[in-house]
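Notes to accompany the following structure.
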2 protein chains.
Amino acid sequence: MIGRYDDVSARWGIPEKPVALSDTAIDFLTEKVGPPRKTPAVPRVNIVAPPSRLSADAASALANILGPDGLNTGDDTRLEHSGGFSYLDLVERRGDSPNAPDAVVFPASHEHVQDIIKVCGELNVAIVPFGGGTSVVGGVRPEAGPHAAVIAVSFERMADILDINEVDMTVTVGPGITGPTLERLLGVQGLTLGHLPQSWERATIGGYVATRSSGQASAGYGRSDEMVEKIRVATPRGEFRLGRAPGSAAGPDLRQLFIGSEGAFGIITEATLRIRRVPAETRYEGIMFPTYLGGLNAFRELVVRKAKADMMRLSDPQESLTNLTMAVEGMTAKALERYLKARKVEGGSLAILGWEGSRTQVHSRRDDSWRVLRAHGAVSLGKKVGNGWEHGRFSGPYLRDTLLDNGYMVETLETSTGWRELPALREAIRAAIKGALPSDGPGPWIMSHLSHVYDTGGSLYVTVIGERNDADLVGQWQAAKQAACEAIVEQKATITHHHAVGRDHAPYLAAEIGENGMELLRVIKNHLDPDGILNPGALIR
Amino acid sequence: MIGRYDDVSARWGIPEKPVALSDTAIDFLTEKVGPPRKTPAVPRVNIVAPPSRLSADAASALANILGPDGLNTGDDTRLEHSGGFSYLDLVERRGDSPNAPDAVVFPASHEHVQDIIKVCGELNVAIVPFGGGTSVVGGVRPEAGPHAAVIAVSFERMADILDINEVDMTVTVGPGITGPTLERLLGVQGLTLGHLPQSWERATIGGYVATRSSGQASAGYGRSDEMVEKIRVATPRGEFRLGRAPGSAAGPDLRQLFIGSEGAFGIITEATLRIRRVPAETRYEGIMFPTYLGGLNAFRELVVRKAKADMMRLSDPQESLTNLTMAVEGMTAKALERYLKARKVEGGSLAILGWEGSRTQVHSRRDDSWRVLRAHGAVSLGKKVGNGWEHGRFSGPYLRDTLLDNGYMVETLETSTGWRELPALREAIRAAIKGALPSDGPGPWIMSHLSHVYDTGGSLYVTVIGERNDADLVGQWQAAKQAACEAIVEQKATITHHHAVGRDHAPYLAAEIGENGMELLRVIKNHLDPDGILNPGALIR
């Protein structure tokens, strides 16, 4: 059953910000997927947390390290750390008997983390590092593996800014700091990290680094892995401090082994990230291309001509139709329709571009971009549409909750590939998902956008809304996920552009890095984590 | 003895382009270092190559794989592959009994390389991958280690373009292709890699990738490690194909383990690199800052304001004086002196900036840069000085040969650190070198420039010219090298920004990545190369 429960939230918002489906949205969903269907909530009183398996020895050793406030075996706290926001997580967490870690610990220092790792190794306890708990690929699902118990490590007490270096333009933080807190504290000094993934409201910096996450303005600010100057990591083999200087040729870059290691190689206890000055001017703009392929070519040409914006997003016809019907702020649907028709771009592809910098930079760079955009038949929808997107940039997860409450299956997946391969990749994924989700109704509604552009290609972010089979929630999802992943592998695209491997993508990693690559990861894992206590089941299965 | 020999060149140019010292240069050197002193050449007839230790079994197995043209044990070919261009290499290679590999092999395919590795593992033969042979840190010095013999692997027969993808904007090449060949072949299609290190005339792409090299226009084109999309690597454990897509979150980036592994983990047999269109406009410009620190602040501010150029180089007062006295093209010394005096920047710091792109881009970006430059008191020396630098951008190694011929010690070293730490780092290195090269004369002449700027700092490239102690060539160099490296480590800068670790920097790597980092490298090395045949002594000692 997919419902919700009251006290222990498995919904996105803290506090909740329920999104209601408008009549327009209900009509659209009914036409494209099927009618909504309210699914019942599970009251907290009906939720049974599994009993904690943490031994008295382990509990006492952990309490010794962390003090009385540092260890919590209570049901509510354990349920709050019972997983992330993957579809499988939600199916379970919104049900009546969710999984949960056997305890949650709250270290306050690198040394605490190092000591936790030592005790857990000795007492056969697995560890799941738990930042914002926003993984959508099962990366923080508590799994004891062959061990006697599993604990979640919260970084709530390691969430401070440790240093701001305004000359080198870096900030050093504890792993538990969230995007909003960091941006607020940097903002008072006119500084910004500029990393804004959709999970921004909840995710932590440690999680960004551990998963190679990518923010919406990655075209201008880079991926999280590119922002990391230095990391400090606690492992069963002891401490690593990596990242000596900007630009180094001192051998292999070992940072890049821990970045993206998803807690399986070690626990990030400190990160130094480069920061920027808050731009004086920010201009977001809605744009309409006559066709999706035309938009794709324009995006590529913007990159090739070094005329790109700092934020670039191109919706395919399905996503464009959805957004134009339901979600474009700043224009009524009717007015928009007239406007597009008059300019011969109706039924085309919607894009959002954002430029940041000084006033003159934004002006000249936007001009530069528009030289390319115009040549591809693009029409401006103005700042209002751009600002509307910016305003709603974090709304996806809230909407997902609402769709789940209304009886729909909803899932997202993402990948990236070269420019040449993008159109075929999109087609292959669409066909695979359609094939795996047979329907008597209008069938699943599949939409996607291109974002996160690179010199040689870009990422594809796919959203699927389908009729949900409550009799076989897991089986239905698995069939669709497997089909999509196999299509991605077949097309030689990456199995994940920014969601990471977690547990959901682990079966497909070998196809990406080869059996020799997997063996190398295992050798490194066995060296760093000889007892296999670090996030068992994630990354390497 | 440092001389030269005739037939087997240990000099830079192919063909040689001897640089004569002008009267001005001789006067300057005499004043700053001491008078020149011609050192005798070693004729080829006096050079004794060490006998080849390659066993008949190994020779026959290798010839079986490669055919008769694929194996060469002749003295001339072995001497040509007897090392790189480090000071120690040159001391030895320009002397009368240089070291040499026991054979040179010429594979023509990935499979050849894989088979060579197999045979060498079975027959106890070490392997040095030898690209352009331009290492200045002993990275290609043939060292058998505990093995019976050592062979150099040349990539002359793996030097083709395998694919140009003009949609994704990538080129796939064999490791042996050199910069000039690649740029010529790309250039006819209006494309460029844009990677121009000082070693460009000789170095190979495989070497760039194996050493994380950085080109002079890295501010615009990125470091070699950032250019690499995909690599194929042959190791004793078999093949690795890494780099699936632009932007991936599929676990640790294993590419970054092989990039910079300097032949110690595997041999790169193919690389796919991103390319760019040849810019329509290129503008290089000489600039004079009133002070070095003012120039440093301006460079930082250019980066912070996102107003940087594609090539940026700032000489310290010593290098500025040297260049202004000897080497600025496009202006006579007298005219220049008058010009600088009139603008109150005499005795200041010389910079070269270069912008590339479309005409409008170069125009607006240069304007943007100049807003910052002007605020820091910079004065333009015009395009001619910029073009003069560009014209002489590869001349350093030729000049080094001339200085060696004239009895000087000459060495370069490089590092990088954060903006805040750069001035102290420069002072510390200067003091360390001065201390280690005591002199009755004017002492060593130490000059440096800042180049390769990053968001959080930049690199420092130091040139030392001193009186040479021919009675203890190696000891003199070691004292200076050790003092400089210890100063770098002490200042928490990186031991190498783009020259790599090789053998010269290997003793200092532990200080940079920690003993736990070294142990991790050893675990990876032992897994990938269990017999330890790959470039023994390089990277990990």
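Residues in the structure tokens are named by chain (A, B, ... in the order shown) and by number from 1 within that chain; ligands are numbered from 1 in the order shown.
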
In stretch 321-450 of chain B, what's strand (DSSP E or B) per DSSP? Answer as a ChimeraX atom specification? /B:349-357,379-381,408-418,445-450

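Taking only C-alpha atoms, the non-local environment of B:Ala484 within 9 Å (same-chain residues fewer than 2 positions away omitted) comprises Leu413, Ala428, Ile429, Arg430, Ala431, Ala432, Ile433, Ala436, Ala479, Ala480, Lys481, Gln482, Glu486, Ala487, Ile488 and Val489 of chain B.
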
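For the atom pair formed by atom CA of A:Pro107 and atom CA of A:Ala271, the distance is 16.2 Å, given to one decimal.
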
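Taking atom CA of A:Ala250 and atom CA of A:Val501 as the two end points, the separation is 28.4 Å.
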
What lies within 12 Å of A:Ala234 using only C-alpha atoms, ignoring chain neighbours under 3 positions off, as JSON, numbers by chain? {"A": [109, 110, 111, 112, 113, 114, 115, 116, 117, 118, 129, 175, 231, 237, 238, 239, 240, 241, 242, 258, 263, 264, 265, 266, 267, 268, 269, 270, 528, 529, 534], "B": [516]}

Could you save the residues just selected, with C-alpha atoms, as a PDB file, in the first residue's frame?
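Contents of again_18.pdb, freshly written:
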```
ATOM      1  CA  SER A 109      33.888  15.340  14.965  1.00  0.00           C
ATOM      2  CA  HIS A 110      36.151  13.483  12.572  1.00  0.00           C
ATOM      3  CA  GLU A 111      37.554  11.614  15.562  1.00  0.00           C
ATOM      4  CA  HIS A 112      34.065  10.495  16.561  1.00  0.00           C
ATOM      5  CA  VAL A 113      33.510   9.103  13.078  1.00  0.00           C
ATOM      6  CA  GLN A 114      36.869   7.359  13.139  1.00  0.00           C
ATOM      7  CA  ASP A 115      36.029   5.813  16.530  1.00  0.00           C
ATOM      8  CA  ILE A 116      32.553   4.746  15.378  1.00  0.00           C
ATOM      9  CA  ILE A 117      34.139   2.956  12.422  1.00  0.00           C
ATOM     10  CA  LYS A 118      36.607   1.196  14.734  1.00  0.00           C
ATOM     11  CA  PRO A 129      26.305   7.411   6.282  1.00  0.00           C
ATOM     12  CA  PRO A 175      29.487  17.109   5.851  1.00  0.00           C
ATOM     13  CA  ILE A 231      38.367  16.314   1.420  1.00  0.00           C
ATOM     14  CA  ARG A 237      42.384   2.205   7.442  1.00  0.00           C
ATOM     15  CA  GLY A 238      42.517   5.621   9.041  1.00  0.00           C
ATOM     16  CA  GLU A 239      42.374   9.160   7.809  1.00  0.00           C
ATOM     17  CA  PHE A 240      42.846  10.531   4.286  1.00  0.00           C
ATOM     18  CA  ARG A 241      43.385  14.205   3.560  1.00  0.00           C
ATOM     19  CA  LEU A 242      43.351  14.754  -0.170  1.00  0.00           C
ATOM     20  CA  PHE A 258      36.387   8.896  -2.631  1.00  0.00           C
ATOM     21  CA  GLY A 263      30.011   5.758   1.740  1.00  0.00           C
ATOM     22  CA  ALA A 264      31.415   2.419   0.623  1.00  0.00           C
ATOM     23  CA  PHE A 265      35.094   3.457   0.855  1.00  0.00           C
ATOM     24  CA  GLY A 266      34.970   5.876   3.751  1.00  0.00           C
ATOM     25  CA  ILE A 267      33.029   8.650   5.399  1.00  0.00           C
ATOM     26  CA  ILE A 268      33.657  12.246   4.352  1.00  0.00           C
ATOM     27  CA  THR A 269      34.143  14.299   7.492  1.00  0.00           C
ATOM     28  CA  GLU A 270      35.204  17.605   5.990  1.00  0.00           C
ATOM     29  CA  LEU A 528      39.914   0.341   2.815  1.00  0.00           C
ATOM     30  CA  ASP A 529      37.079  -1.579   4.461  1.00  0.00           C
ATOM     31  CA  LEU A 534      30.656   0.554   5.103  1.00  0.00           C
TER      32      LEU A 534
ATOM     33  CA  ASN B 516      47.584   6.100   3.849  1.00  0.00           C
TER      34      ASN B 516
END
```

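With only C-alpha atoms taken into account, the protein and nucleic acid residues at most 12 Å from B:Trp389 (excluding it and anything under 5 positions from it in its own chain) are Gln216, Arg283, Tyr284, Glu285, Gly286, Ile287, Met311, Met312, Arg313, Asn323, Leu324, Ala327, Val328, Glu329, Gly330, Met331, Leu350, Ala351, Ile352, Leu353, Gly354, Leu381, Gly382, Lys383, Lys384, Phe394, Ser395 and Gly396 of chain B.
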
Close residues, B:Arg184 itself excluded, 12 Å, only C-alpha atoms, min 5 positions apart in chain, as a PDB file with all heavy atoms, in the first residue's frame:
```pdb
ATOM      1  N   ILE B 161      45.331   9.185 -35.867  1.00  0.00           N
ATOM      2  CA  ILE B 161      43.972   9.572 -35.475  1.00  0.00           C
ATOM      3  C   ILE B 161      43.060   8.414 -35.843  1.00  0.00           C
ATOM      4  O   ILE B 161      43.032   7.963 -36.982  1.00  0.00           O
ATOM      5  CB  ILE B 161      43.539  10.860 -36.200  1.00  0.00           C
ATOM      6  CG1 ILE B 161      44.304  12.061 -35.630  1.00  0.00           C
ATOM      7  CG2 ILE B 161      42.027  11.070 -36.056  1.00  0.00           C
ATOM      8  CD1 ILE B 161      43.878  13.404 -36.199  1.00  0.00           C
ATOM      9  N   ILE B 177      50.789   9.845 -30.978  1.00  0.00           N
ATOM     10  CA  ILE B 177      50.690  11.022 -31.840  1.00  0.00           C
ATOM     11  C   ILE B 177      51.223  12.242 -31.086  1.00  0.00           C
ATOM     12  O   ILE B 177      50.989  12.398 -29.892  1.00  0.00           O
ATOM     13  CB  ILE B 177      49.229  11.227 -32.324  1.00  0.00           C
ATOM     14  CG1 ILE B 177      49.177  12.191 -33.508  1.00  0.00           C
ATOM     15  CG2 ILE B 177      48.327  11.699 -31.192  1.00  0.00           C
ATOM     16  CD1 ILE B 177      47.834  12.176 -34.245  1.00  0.00           C
ATOM     17  N   THR B 178      51.962  13.082 -31.793  1.00  0.00           N
ATOM     18  CA  THR B 178      52.498  14.283 -31.134  1.00  0.00           C
ATOM     19  C   THR B 178      51.547  15.458 -31.342  1.00  0.00           C
ATOM     20  O   THR B 178      50.691  15.434 -32.230  1.00  0.00           O
ATOM     21  CB  THR B 178      53.873  14.679 -31.718  1.00  0.00           C
ATOM     22  OG1 THR B 178      53.690  15.019 -33.097  1.00  0.00           O
ATOM     23  CG2 THR B 178      54.888  13.554 -31.585  1.00  0.00           C
ATOM     24  N   GLY B 179      51.761  16.478 -30.524  1.00  0.00           N
ATOM     25  CA  GLY B 179      50.934  17.683 -30.638  1.00  0.00           C
ATOM     26  C   GLY B 179      50.948  18.275 -32.032  1.00  0.00           C
ATOM     27  O   GLY B 179      49.881  18.558 -32.610  1.00  0.00           O
ATOM     28  N   GLN B 189      40.627  20.567 -40.714  1.00  0.00           N
ATOM     29  CA  GLN B 189      39.162  20.546 -40.565  1.00  0.00           C
ATOM     30  C   GLN B 189      38.672  21.687 -39.685  1.00  0.00           C
ATOM     31  O   GLN B 189      37.514  21.669 -39.231  1.00  0.00           O
ATOM     32  CB  GLN B 189      38.715  19.202 -39.980  1.00  0.00           C
ATOM     33  CG  GLN B 189      39.142  18.030 -40.845  1.00  0.00           C
ATOM     34  CD  GLN B 189      38.450  16.735 -40.463  1.00  0.00           C
ATOM     35  OE1 GLN B 189      37.280  16.727 -40.141  1.00  0.00           O
ATOM     36  NE2 GLN B 189      39.184  15.644 -40.496  1.00  0.00           N
ATOM     37  N   GLY B 190      39.549  22.633 -39.402  1.00  0.00           N
ATOM     38  CA  GLY B 190      39.136  23.781 -38.596  1.00  0.00           C
ATOM     39  C   GLY B 190      39.003  23.468 -37.121  1.00  0.00           C
ATOM     40  O   GLY B 190      38.315  24.178 -36.390  1.00  0.00           O
ATOM     41  N   LEU B 191      39.687  22.408 -36.686  1.00  0.00           N
ATOM     42  CA  LEU B 191      39.563  21.962 -35.290  1.00  0.00           C
ATOM     43  C   LEU B 191      40.906  22.066 -34.563  1.00  0.00           C
ATOM     44  O   LEU B 191      41.961  22.148 -35.208  1.00  0.00           O
ATOM     45  CB  LEU B 191      39.076  20.504 -35.262  1.00  0.00           C
ATOM     46  CG  LEU B 191      37.729  20.253 -35.969  1.00  0.00           C
ATOM     47  CD1 LEU B 191      37.473  18.760 -36.130  1.00  0.00           C
ATOM     48  CD2 LEU B 191      36.594  20.923 -35.202  1.00  0.00           C
ATOM     49  N   THR B 192      40.862  22.042 -33.258  1.00  0.00           N
ATOM     50  CA  THR B 192      42.100  22.099 -32.474  1.00  0.00           C
ATOM     51  C   THR B 192      41.904  21.416 -31.132  1.00  0.00           C
ATOM     52  O   THR B 192      40.789  21.386 -30.602  1.00  0.00           O
ATOM     53  CB  THR B 192      42.549  23.564 -32.247  1.00  0.00           C
ATOM     54  OG1 THR B 192      43.730  23.592 -31.434  1.00  0.00           O
ATOM     55  CG2 THR B 192      41.471  24.380 -31.526  1.00  0.00           C
ATOM     56  N   LEU B 193      43.002  20.841 -30.610  1.00  0.00           N
ATOM     57  CA  LEU B 193      42.972  20.349 -29.228  1.00  0.00           C
ATOM     58  C   LEU B 193      43.277  21.504 -28.285  1.00  0.00           C
ATOM     59  O   LEU B 193      42.688  21.628 -27.219  1.00  0.00           O
ATOM     60  CB  LEU B 193      44.003  19.217 -29.046  1.00  0.00           C
ATOM     61  CG  LEU B 193      44.128  18.626 -27.639  1.00  0.00           C
ATOM     62  CD1 LEU B 193      42.839  17.912 -27.232  1.00  0.00           C
ATOM     63  CD2 LEU B 193      45.320  17.675 -27.538  1.00  0.00           C
ATOM     64  N   GLY B 194      44.201  22.356 -28.670  1.00  0.00           N
ATOM     65  CA  GLY B 194      44.500  23.538 -27.869  1.00  0.00           C
ATOM     66  C   GLY B 194      45.375  23.265 -26.666  1.00  0.00           C
ATOM     67  O   GLY B 194      45.425  24.062 -25.741  1.00  0.00           O
ATOM     68  N   VAL B 278      38.821  25.861 -34.237  1.00  0.00           N
ATOM     69  CA  VAL B 278      39.890  26.858 -34.239  1.00  0.00           C
ATOM     70  C   VAL B 278      39.240  28.229 -34.085  1.00  0.00           C
ATOM     71  O   VAL B 278      38.305  28.557 -34.819  1.00  0.00           O
ATOM     72  CB  VAL B 278      40.700  26.801 -35.551  1.00  0.00           C
ATOM     73  CG1 VAL B 278      41.692  27.953 -35.627  1.00  0.00           C
ATOM     74  CG2 VAL B 278      41.416  25.459 -35.674  1.00  0.00           C
TER      75      VAL B 278
END
```

DSSP helix (DSSP H, G or I) selection over stretch 51-222 of chain A, as a PyMOL selection string: chain A and resi 56-66+68-70+75-80+87-93+110-123+179-187+205-211+218-221
